[in-house]
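*Asks:* Mind looking over this structure? Questions follow.
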Amino acid sequence: MLTNDLDPPAADRTHAVRTSDGLTLAVHEWSGPAAAGDRPVLLHHGFGASAHLEWPRSGLPQALLAAGRRVLAVDARGHGRSQAPHDPARYGEARMARDVVEVLDALGVPDADLVGYSMGAVVASLVAATGPARVHRLVLGGVGAGLVELGGVDTRVLPASRLAVALRTGDPGALTDPVVRGFRDFAASTGNDLLALAAQADAVHDRPIALDAVQAPTLVVAGDEDLLAARPEVLAAAVPGARLTLVRGDHGTALRDPRFAAGISGFLSR
């Protein structure tokens, strides 16, 4: 899991975007003096995190700004500064994929380079598979064969039903699954609404994704010790023409490997 030992730099501005089902999402923007061009990079974080927790600590916004890119990062519904209802019917990666498209529409962005990590990679893959014209280049991080075989985050490693129970429990010390306990402890440390996160856990995507419909050049990035991104070569083979980059680390520490930000920035600059 990510740690909370650093204060990430604030975004230059935050947009409030109203979704078609009535929620307000926070979309953070970094756009330094070197940023240019009409096509931004949109970042979508993983479960239990937020834009400001996940991305600046990876160094990715900084690397993209240095490359002259405008960077947008959404707080997914239920996370960060976005609204957080407790009804599972308001969640799921398919709904979050619609949110991404609605964010692009609201900000007047016809297409973007899209980077997703873990839950965010599921969201990004759905956007690219169902609306290929909106995605110019695609990066899928923190996922592997589970995205192909289960249609989402690998619930063989992180059972969604157990995670939902853990997020709702008043006695986290009684949790025995170390992966579930780790995610629950991390979520509790972030200030996110645990009942909102439990609602997302109830609604995780578990249906086939038409990965063969992805048209954008794609990079798969996975940590070499990441149990949730096991066998990433299976995912790379399922997306036409996708490339695979391995970095060092588990599901949280992989983002801190300098090759994570450098590899993604280089790929998006091609």
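To be explicit about the labels: the chains of the structure tokens are called A, B, and onward in the order shown, and within each one the residues are counted from 1, while ligands get numbers from 1 in the order they are shown.
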Could you go through stretch 57-236 of chain A and tell me which residues DSSP, when run on the backbone, assigns to strand (DSSP E or B), listing them as a PyMOL selection string?

*Replies:* chain A and resi 71-74+112-117+135-141+218-223

*Asks:* Give me, as a ChimeraX atom specification, all polymer residues having an atom no more than 12 Å from A:Gly92, counting only C-alpha atoms and skipping those fewer than 2 positions away in the same chain.

*Replies:* /A:47,76-78,87-90,94-99,119-120,122-123,126,151-153,160,196-207

*Asks:* Listing only residues of stretch 56-113 of chain A within 12 Å of stretch 247-256 of chain A, what is the closest atom pair and its distance in Å (to one decimal) for each, using only C-alpha atoms, sorted by chain and residue number ascending, as CSV?

*Replies:*
```
residue,atom,partner,partner_atom,distance
A:Pro56,CA,A:Arg256,CA,10.0
A:Arg57,CA,A:Arg256,CA,7.1
A:Ser58,CA,A:Arg256,CA,5.1
A:Gly59,CA,A:Arg256,CA,7.7
A:Leu60,CA,A:Leu255,CA,8.9
```

*Asks:* Mind dumping the selected residues with all heavy atoms as a PDB file, in the first residue's frame?

*Replies:*
```
ATOM      1  N   PRO A  56       1.277  12.592  -7.070  1.00  0.00           N
ATOM      2  CA  PRO A  56       2.497  13.379  -6.889  1.00  0.00           C
ATOM      3  C   PRO A  56       3.639  12.599  -6.249  1.00  0.00           C
ATOM      4  O   PRO A  56       4.803  12.812  -6.570  1.00  0.00           O
ATOM      5  CB  PRO A  56       2.030  14.535  -5.991  1.00  0.00           C
ATOM      6  CG  PRO A  56       0.576  14.672  -6.310  1.00  0.00           C
ATOM      7  CD  PRO A  56       0.103  13.261  -6.496  1.00  0.00           C
ATOM      8  N   ARG A  57       3.303  11.654  -5.385  1.00  0.00           N
ATOM      9  CA  ARG A  57       4.359  10.875  -4.728  1.00  0.00           C
ATOM     10  C   ARG A  57       5.035   9.908  -5.682  1.00  0.00           C
ATOM     11  O   ARG A  57       6.135   9.449  -5.429  1.00  0.00           O
ATOM     12  CB  ARG A  57       3.770  10.122  -3.540  1.00  0.00           C
ATOM     13  CG  ARG A  57       3.277  11.063  -2.470  1.00  0.00           C
ATOM     14  CD  ARG A  57       2.590  10.318  -1.368  1.00  0.00           C
ATOM     15  NE  ARG A  57       2.001  11.252  -0.424  1.00  0.00           N
ATOM     16  CZ  ARG A  57       1.419  10.886   0.691  1.00  0.00           C
ATOM     17  NH1 ARG A  57       1.357   9.621   1.003  1.00  0.00           N
ATOM     18  NH2 ARG A  57       0.909  11.783   1.486  1.00  0.00           N
ATOM     19  N   SER A  58       4.366   9.587  -6.768  1.00  0.00           N
ATOM     20  CA  SER A  58       4.999   8.748  -7.783  1.00  0.00           C
ATOM     21  C   SER A  58       5.958   9.540  -8.650  1.00  0.00           C
ATOM     22  O   SER A  58       6.776   8.959  -9.369  1.00  0.00           O
ATOM     23  CB  SER A  58       3.923   8.118  -8.679  1.00  0.00           C
ATOM     24  OG  SER A  58       3.376   9.084  -9.576  1.00  0.00           O
ATOM     25  N   GLY A  59       5.842  10.863  -8.613  1.00  0.00           N
ATOM     26  CA  GLY A  59       6.648  11.706  -9.489  1.00  0.00           C
ATOM     27  C   GLY A  59       6.078  11.844 -10.888  1.00  0.00           C
ATOM     28  O   GLY A  59       6.664  12.536 -11.722  1.00  0.00           O
ATOM     29  N   LEU A  60       4.915  11.232 -11.141  1.00  0.00           N
ATOM     30  CA  LEU A  60       4.398  11.249 -12.510  1.00  0.00           C
ATOM     31  C   LEU A  60       3.925  12.629 -12.954  1.00  0.00           C
ATOM     32  O   LEU A  60       4.273  13.056 -14.067  1.00  0.00           O
ATOM     33  CB  LEU A  60       3.283  10.213 -12.656  1.00  0.00           C
ATOM     34  CG  LEU A  60       2.707  10.057 -14.057  1.00  0.00           C
ATOM     35  CD1 LEU A  60       3.795   9.745 -15.077  1.00  0.00           C
ATOM     36  CD2 LEU A  60       1.626   8.978 -14.069  1.00  0.00           C
TER      37      LEU A  60
END
```

*Asks:* Please compute the atom CA of A:Val135-atom CA of A:Gly116 distance, one decimal, in Å.

*Replies:*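 Value for the atom CA of A:Val135-atom CA of A:Gly116 distance: 12.0 Å.
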
*Asks:* Using only C-alpha atoms, which protein or nucleic acid residues come within 7 Å of A:Arg184? Drop anything in the same chain fewer than 4 positions from it, and give the result as number ranges by chain.

*Replies:* A: 166-167, 180, 188

*Asks:* Write a file of the selected residues as a JSON list (two decimals), in the first residue's frame, keeping N, CA, C and O atoms.

*Replies:*
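What landed in selection_35.json:
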```json
[["chain", "number", "residue", "atom", "x", "y", "z"],
["A", 166, "ALA", "N", -14.73, -5.78, 5.86],
["A", 166, "ALA", "CA", -13.65, -5.18, 6.64],
["A", 166, "ALA", "C", -13.82, -3.67, 6.76],
["A", 166, "ALA", "O", -13.53, -3.09, 7.82],
["A", 167, "LEU", "N", -14.28, -3.04, 5.69],
["A", 167, "LEU", "CA", -14.45, -1.59, 5.72],
["A", 167, "LEU", "C", -15.60, -1.16, 6.61],
["A", 167, "LEU", "O", -15.64, -0.03, 7.08],
["A", 180, "VAL", "N", -6.47, -7.98, 2.94],
["A", 180, "VAL", "CA", -7.68, -7.22, 3.27],
["A", 180, "VAL", "C", -7.41, -6.25, 4.40],
["A", 180, "VAL", "O", -7.80, -5.07, 4.35],
["A", 188, "ALA", "N", -8.36, 3.59, 6.04],
["A", 188, "ALA", "CA", -8.65, 4.34, 7.26],
["A", 188, "ALA", "C", -7.67, 5.48, 7.47],
["A", 188, "ALA", "O", -8.02, 6.50, 8.08]]
```

*Asks:* Just the alpha helix (DSSP H) stuff from stretch 61-267 of chain A, please, per backbone DSSP, written as a VMD selection string.

*Replies:* chain A and resid 61 to 66 93 to 106 119 to 130 145 to 149 160 to 168 178 to 190 194 to 202 232 to 238 258 to 267

*Asks:* Name all residues at most 12 Å from A:Val74 (count only C-alpha atoms; drop same-chain ones fewer than 5 positions away) and give them as a PyMOL selection string.

*Replies:* chain A and resi 11+14-17+24-30+41-46+49-55+79-83+96-97+99-104+114-116+120+123-124

*Asks:* Save out the residues we just selected, N, CA and C atoms, as a short mmCIF file (atom, residue, chain, number, x, y, z; two decimals), in the first residue's frame.

*Replies:*
```cif
data_model
loop_
_atom_site.label_atom_id
_atom_site.label_comp_id
_atom_site.auth_asym_id
_atom_site.auth_seq_id
_atom_site.Cartn_x
_atom_site.Cartn_y
_atom_site.Cartn_z
N ALA A 11 -2.26 20.80 -6.44
CA ALA A 11 -2.51 21.08 -7.84
C ALA A 11 -2.65 22.58 -8.04
N THR A 14 -8.45 23.19 -9.04
CA THR A 14 -9.34 22.05 -8.95
C THR A 14 -10.68 22.42 -9.57
N HIS A 15 -11.14 21.58 -10.50
CA HIS A 15 -12.43 21.77 -11.15
C HIS A 15 -13.48 20.96 -10.41
N ALA A 16 -14.68 21.47 -10.31
CA ALA A 16 -15.83 20.75 -9.78
C ALA A 16 -16.71 20.36 -10.96
N VAL A 17 -16.83 19.07 -11.22
CA VAL A 17 -17.58 18.58 -12.37
C VAL A 17 -18.80 17.82 -11.88
N THR A 24 -20.89 15.52 -7.55
CA THR A 24 -19.83 16.46 -7.90
C THR A 24 -18.48 15.79 -7.69
N LEU A 25 -17.68 15.78 -8.74
CA LEU A 25 -16.34 15.20 -8.70
C LEU A 25 -15.30 16.31 -8.69
N ALA A 26 -14.22 16.08 -7.95
CA ALA A 26 -13.08 16.98 -7.95
C ALA A 26 -12.07 16.51 -8.98
N VAL A 27 -11.67 17.41 -9.86
CA VAL A 27 -10.68 17.10 -10.89
C VAL A 27 -9.54 18.10 -10.74
N HIS A 28 -8.38 17.61 -10.38
CA HIS A 28 -7.23 18.45 -10.09
C HIS A 28 -6.39 18.64 -11.35
N GLU A 29 -5.82 19.82 -11.48
CA GLU A 29 -5.05 20.13 -12.69
C GLU A 29 -3.69 20.70 -12.32
N TRP A 30 -2.66 20.15 -12.95
CA TRP A 30 -1.32 20.69 -12.91
C TRP A 30 -1.00 21.19 -14.31
N VAL A 41 -3.07 14.77 -20.21
CA VAL A 41 -2.99 13.43 -19.65
C VAL A 41 -3.95 13.38 -18.47
N LEU A 42 -4.85 12.42 -18.46
CA LEU A 42 -5.79 12.26 -17.35
C LEU A 42 -5.38 11.04 -16.54
N LEU A 43 -5.23 11.23 -15.22
CA LEU A 43 -4.81 10.18 -14.31
C LEU A 43 -5.98 9.73 -13.45
N HIS A 44 -6.12 8.41 -13.29
CA HIS A 44 -7.19 7.86 -12.45
C HIS A 44 -6.57 6.92 -11.43
N HIS A 45 -6.70 7.26 -10.15
CA HIS A 45 -6.04 6.55 -9.06
C HIS A 45 -6.74 5.23 -8.73
N GLY A 46 -6.17 4.51 -7.78
CA GLY A 46 -6.70 3.23 -7.35
C GLY A 46 -7.62 3.33 -6.14
N ALA A 49 -7.45 5.44 -2.50
CA ALA A 49 -6.49 6.54 -2.57
C ALA A 49 -7.21 7.82 -2.99
N SER A 50 -6.51 8.72 -3.61
CA SER A 50 -7.07 9.94 -4.19
C SER A 50 -6.00 10.49 -5.11
N ALA A 51 -6.37 11.50 -5.88
CA ALA A 51 -5.40 12.07 -6.82
C ALA A 51 -4.16 12.59 -6.10
N HIS A 52 -4.36 13.29 -4.96
CA HIS A 52 -3.23 13.89 -4.27
C HIS A 52 -2.43 12.89 -3.45
N LEU A 53 -3.02 11.78 -3.10
CA LEU A 53 -2.27 10.75 -2.39
C LEU A 53 -1.44 9.90 -3.35
N GLU A 54 -2.00 9.59 -4.48
CA GLU A 54 -1.35 8.60 -5.35
C GLU A 54 -0.32 9.20 -6.29
N TRP A 55 -0.67 10.28 -6.99
CA TRP A 55 0.14 10.65 -8.14
C TRP A 55 1.37 11.49 -7.83
N HIS A 79 -14.03 9.06 -3.18
CA HIS A 79 -12.62 9.23 -2.83
C HIS A 79 -12.25 10.72 -2.83
N GLY A 80 -11.26 11.06 -2.02
CA GLY A 80 -10.71 12.40 -2.05
C GLY A 80 -11.77 13.45 -1.79
N ARG A 81 -11.79 14.47 -2.64
CA ARG A 81 -12.72 15.59 -2.47
C ARG A 81 -14.02 15.40 -3.25
N SER A 82 -14.17 14.28 -3.92
CA SER A 82 -15.42 14.02 -4.63
C SER A 82 -16.49 13.54 -3.65
N GLN A 83 -17.75 13.67 -4.07
CA GLN A 83 -18.84 13.24 -3.20
C GLN A 83 -18.81 11.73 -3.00
N MET A 96 -17.67 4.72 -13.09
CA MET A 96 -16.51 5.60 -13.06
C MET A 96 -15.98 5.88 -14.46
N ALA A 97 -16.09 4.91 -15.37
CA ALA A 97 -15.69 5.14 -16.76
C ALA A 97 -16.58 6.20 -17.40
N ASP A 99 -17.92 8.56 -15.72
CA ASP A 99 -17.46 9.79 -15.09
C ASP A 99 -16.27 10.38 -15.86
N VAL A 100 -15.34 9.54 -16.28
CA VAL A 100 -14.18 10.03 -17.02
C VAL A 100 -14.62 10.73 -18.29
N VAL A 101 -15.53 10.10 -19.03
CA VAL A 101 -16.02 10.71 -20.27
C VAL A 101 -16.73 12.03 -19.97
N GLU A 102 -17.51 12.06 -18.91
CA GLU A 102 -18.22 13.29 -18.57
C GLU A 102 -17.26 14.38 -18.10
N VAL A 103 -16.18 14.01 -17.44
CA VAL A 103 -15.15 14.99 -17.07
C VAL A 103 -14.52 15.58 -18.32
N LEU A 104 -14.17 14.73 -19.28
CA LEU A 104 -13.58 15.22 -20.53
C LEU A 104 -14.56 16.17 -21.23
N LEU A 114 -4.67 8.54 -21.26
CA LEU A 114 -5.34 8.08 -20.04
C LEU A 114 -4.44 7.10 -19.30
N VAL A 115 -4.20 7.40 -18.03
CA VAL A 115 -3.36 6.55 -17.16
C VAL A 115 -4.20 6.12 -15.97
N GLY A 116 -4.31 4.82 -15.75
CA GLY A 116 -5.04 4.31 -14.61
C GLY A 116 -4.19 3.34 -13.82
N GLY A 120 -8.23 2.21 -11.02
CA GLY A 120 -8.20 3.18 -12.11
C GLY A 120 -7.84 2.57 -13.44
N VAL A 123 -10.99 1.14 -14.82
CA VAL A 123 -11.77 2.25 -15.37
C VAL A 123 -11.21 2.67 -16.73
N ALA A 124 -9.90 2.84 -16.80
CA ALA A 124 -9.27 3.28 -18.04
C ALA A 124 -9.48 2.28 -19.17
#
```

*Asks:* Please provide the set of residues having any atom within 6 Å of stretch 214-228 of chain A, restricted to only C-alpha atoms, with same-chain residues fewer than 4 positions apart removed, written as a list in words.

*Replies:*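 Those residues are Ala128, Ala129, His136, Arg137, Leu138, Val139, Leu140, Gly141, Gly142, Asp154, Ala242, Arg243, Leu244, Thr245, Leu246, Val247, Arg248, Gly249, Asp250, His251 and Ala254 of chain A.
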
*Asks:* Of the candidates A:Gly191, A:Pro172, A:Pro178, A:Pro240, which shows the shortest atom-to-atom distance to A:Ala213, using only C-alpha atoms?

*Replies:*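 Looking at the shortest contact to A:Ala213, the residue is A:Pro240.
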
*Asks:* In Å, how far is it from atom CA of A:Leu211 to atom CA of A:Ser125?

*Replies:*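 Going from atom CA of A:Leu211 over to atom CA of A:Ser125 covers 7.2 Å.
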
*Asks:* A:Ser189, A:Ala106, A:Leu163, A:Ala210: which is nearest A:Thr130, counting only C-alpha atoms?

*Replies:*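 Distance minimum relative to A:Thr130 lands on A:Ala210.
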
*Asks:* Of the candidates A:Val165, A:Leu235, A:Ala66, A:Ala112, which shows the shortest atom-to-atom distance to A:Leu150, using only C-alpha atoms?

*Replies:*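 When distances to A:Leu150 are compared using only C-alpha atoms, the smallest one comes from A:Leu235.
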
*Asks:* Which distance in Å separates atom CA of A:Val143 and atom CA of A:Pro61, to one decimal?

*Replies:*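 So the answer is 20.5 Å.
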